[in-house]
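Scroll down for the structure; my scribbles are underneath it.
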Amino acid sequence: MINAKDAVNIIKFKLSYRRFNHSVEVAKVAEEMAYKFGIDTKKAYITGLLHDYAKGIPSDELLKIAELNDIIEDEVERLVPDLLHAPVGSFLIKEELNIKDKELLRAVELHTLGSEEMSDLEKIIFLADMIEPGRDYPGLERLKCLAMRNLDEAMLYGLNSTILYCIDQKRIIHPRSIKARNHFLWKNYKENEFNLK
Ligand SMILES: [Fe+2]
Ligand SMILES: [Fe+2]
């Protein structure tokens with residue numbers, strides 16, 4: 001596994017100053033959440049640092065890399081190629097940095113859309129990306145509280161806000177976000193007897 005110092009140097013070179021700062025903040029929040037939920041804090045920190053590895057790559061290039069390596073999962077990604085920074089980032093981390101940790105790679109891959117199957121690390125990276133101190137949007141404080149209390153409830157809240165934001169901005173919604181949202185809605189319902197209407 002790569003160490004944190006090397007990961008910092010790599011993303012400093014790859015990303016703009018603003019995105020570099022965002023990555024460091026995501027890493028710090030991910031580390032804190034990992035401690036809280038009893039998972040590997042070092043891995044959470046490094047995954048947070050690397051999660052936006054491909055964010056500096058222009059859309060047309062992301063699409064080209066995704067097409068060449070059979071990474072496209074849904075046609076929506078051709079319409080919104082920026083979504084590909086997550087799976088392409090995961091692919092490039094494996095290829096260029098020779099990182100083989102499957103959970104780290106999957107956490108990077110899933111950090112924008114989520115999935116129906118997510119480990120605690122994958123949920124933590126998804127959520128840390130949404131609640132790092134540089135963020136500001138309605139509902140953020142509520143999500144911050146949930147993220148430190150219950151990962152599945154926080155996932156539902158986070159996915160709902162992402163989907164509502166897309167609707168508000170008249171943006172296309174990736175089907176995987178809807179599937180993930182329905183999964184967490186149902187999971188929370190079963191666990192907490194929420195009123196599923
Ligand atoms: Fe991202
Ligand atoms: Fe990010």
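Residues are named by chain letter and number: chains run A, B, ... in the order of the structure tokens, numbers start at 1 in each chain, and ligands are numbered from 1 in the order shown.
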
Within 9 Å of ligand 2, which residues of chain A come that close, and what is the closest atom pair and distance in Å for each? Count only C-alpha atoms and all ligand atoms and give it as JSON lines.
```
{"residue": "A:Arg19", "atom": "CA", "partner": "ligand 2", "partner_atom_place_in_ligand_line": "1 (Fe)", "distance": 7.7}
{"residue": "A:His22", "atom": "CA", "partner": "ligand 2", "partner_atom_place_in_ligand_line": "1 (Fe)", "distance": 6.6}
{"residue": "A:Ser23", "atom": "CA", "partner": "ligand 2", "partner_atom_place_in_ligand_line": "1 (Fe)", "distance": 6.4}
{"residue": "A:Val26", "atom": "CA", "partner": "ligand 2", "partner_atom_place_in_ligand_line": "1 (Fe)", "distance": 7.2}
{"residue": "A:Gly48", "atom": "CA", "partner": "ligand 2", "partner_atom_place_in_ligand_line": "1 (Fe)", "distance": 8.3}
{"residue": "A:His51", "atom": "CA", "partner": "ligand 2", "partner_atom_place_in_ligand_line": "1 (Fe)", "distance": 6.4}
{"residue": "A:Asp52", "atom": "CA", "partner": "ligand 2", "partner_atom_place_in_ligand_line": "1 (Fe)", "distance": 5.3}
{"residue": "A:Lys55", "atom": "CA", "partner": "ligand 2", "partner_atom_place_in_ligand_line": "1 (Fe)", "distance": 8.0}
{"residue": "A:His111", "atom": "CA", "partner": "ligand 2", "partner_atom_place_in_ligand_line": "1 (Fe)", "distance": 7.7}
{"residue": "A:Thr112", "atom": "CA", "partner": "ligand 2", "partner_atom_place_in_ligand_line": "1 (Fe)", "distance": 7.9}
{"residue": "A:Ile125", "atom": "CA", "partner": "ligand 2", "partner_atom_place_in_ligand_line": "1 (Fe)", "distance": 8.9}
{"residue": "A:Phe126", "atom": "CA", "partner": "ligand 2", "partner_atom_place_in_ligand_line": "1 (Fe)", "distance": 8.5}
{"residue": "A:Ala128", "atom": "CA", "partner": "ligand 2", "partner_atom_place_in_ligand_line": "1 (Fe)", "distance": 8.5}
{"residue": "A:Asp129", "atom": "CA", "partner": "ligand 2", "partner_atom_place_in_ligand_line": "1 (Fe)", "distance": 5.0}
{"residue": "A:Met130", "atom": "CA", "partner": "ligand 2", "partner_atom_place_in_ligand_line": "1 (Fe)", "distance": 7.6}
```

Which neighbours of Glu153 (chain A) fall inside 12 Å, counting only C-alpha atoms, when residues of the same chain fewer than 6 positions from it are skipped, and could you give them as an MDAnalysis selection string? chainID A and resid 123 127 142:147 159:160 181 183:192 194

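Of the residues under consideration (A:Arg176, A:Lys12, A:Arg18, A:Lys64), A:Arg176 shows the shortest atom-to-atom contact distance to Glu117 (chain A) when counting only C-alpha atoms.
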
Taking only C-alpha atoms into account, which of A:Leu15, A:Met33, A:Lys43, A:Asn69 comes nearest Gly56 (chain A)?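 With only C-alpha atoms as the atom set, the closest residue is A:Leu15.
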
Can you list every residue in region 14-183 of chain A that DSSP puts in alpha helix (DSSP H), as a VMD selection string? chain A and resid 14 17 to 37 41 to 50 59 to 68 76 to 79 85 to 97 102 to 109 120 to 131 140 to 147 151 to 168 175 to 183

Atom-to-atom span, CA of Ala54 (chain A) and CA of Val108 (chain A), Å: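 Going from CA of Ala54 (chain A) over to CA of Val108 (chain A) covers 9.9 Å.
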
I need the residue nearest ligand 1 from this list: A:Ile172, A:Ile57, A:Met118, A:Ala4. Use only C-alpha atoms and all ligand atoms for the distance.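 Looking at the shortest contact to ligand 1, the residue is A:Ile57.
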
Of the listed residues A:Leu63, A:Ala86, A:Leu121, A:Ile163, that which approaches ligand 1 most closely, counting only C-alpha atoms and all ligand atoms: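 Closest residue, counting only C-alpha atoms and all ligand atoms: A:Ala86.
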
Restricting the calculation to only C-alpha atoms and all ligand atoms: of A:Arg149, A:His85, A:Arg171, A:Lys14, which residue gets closest to ligand 1?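 Residue with the minimum atom-to-atom distance to ligand 1: A:His85.
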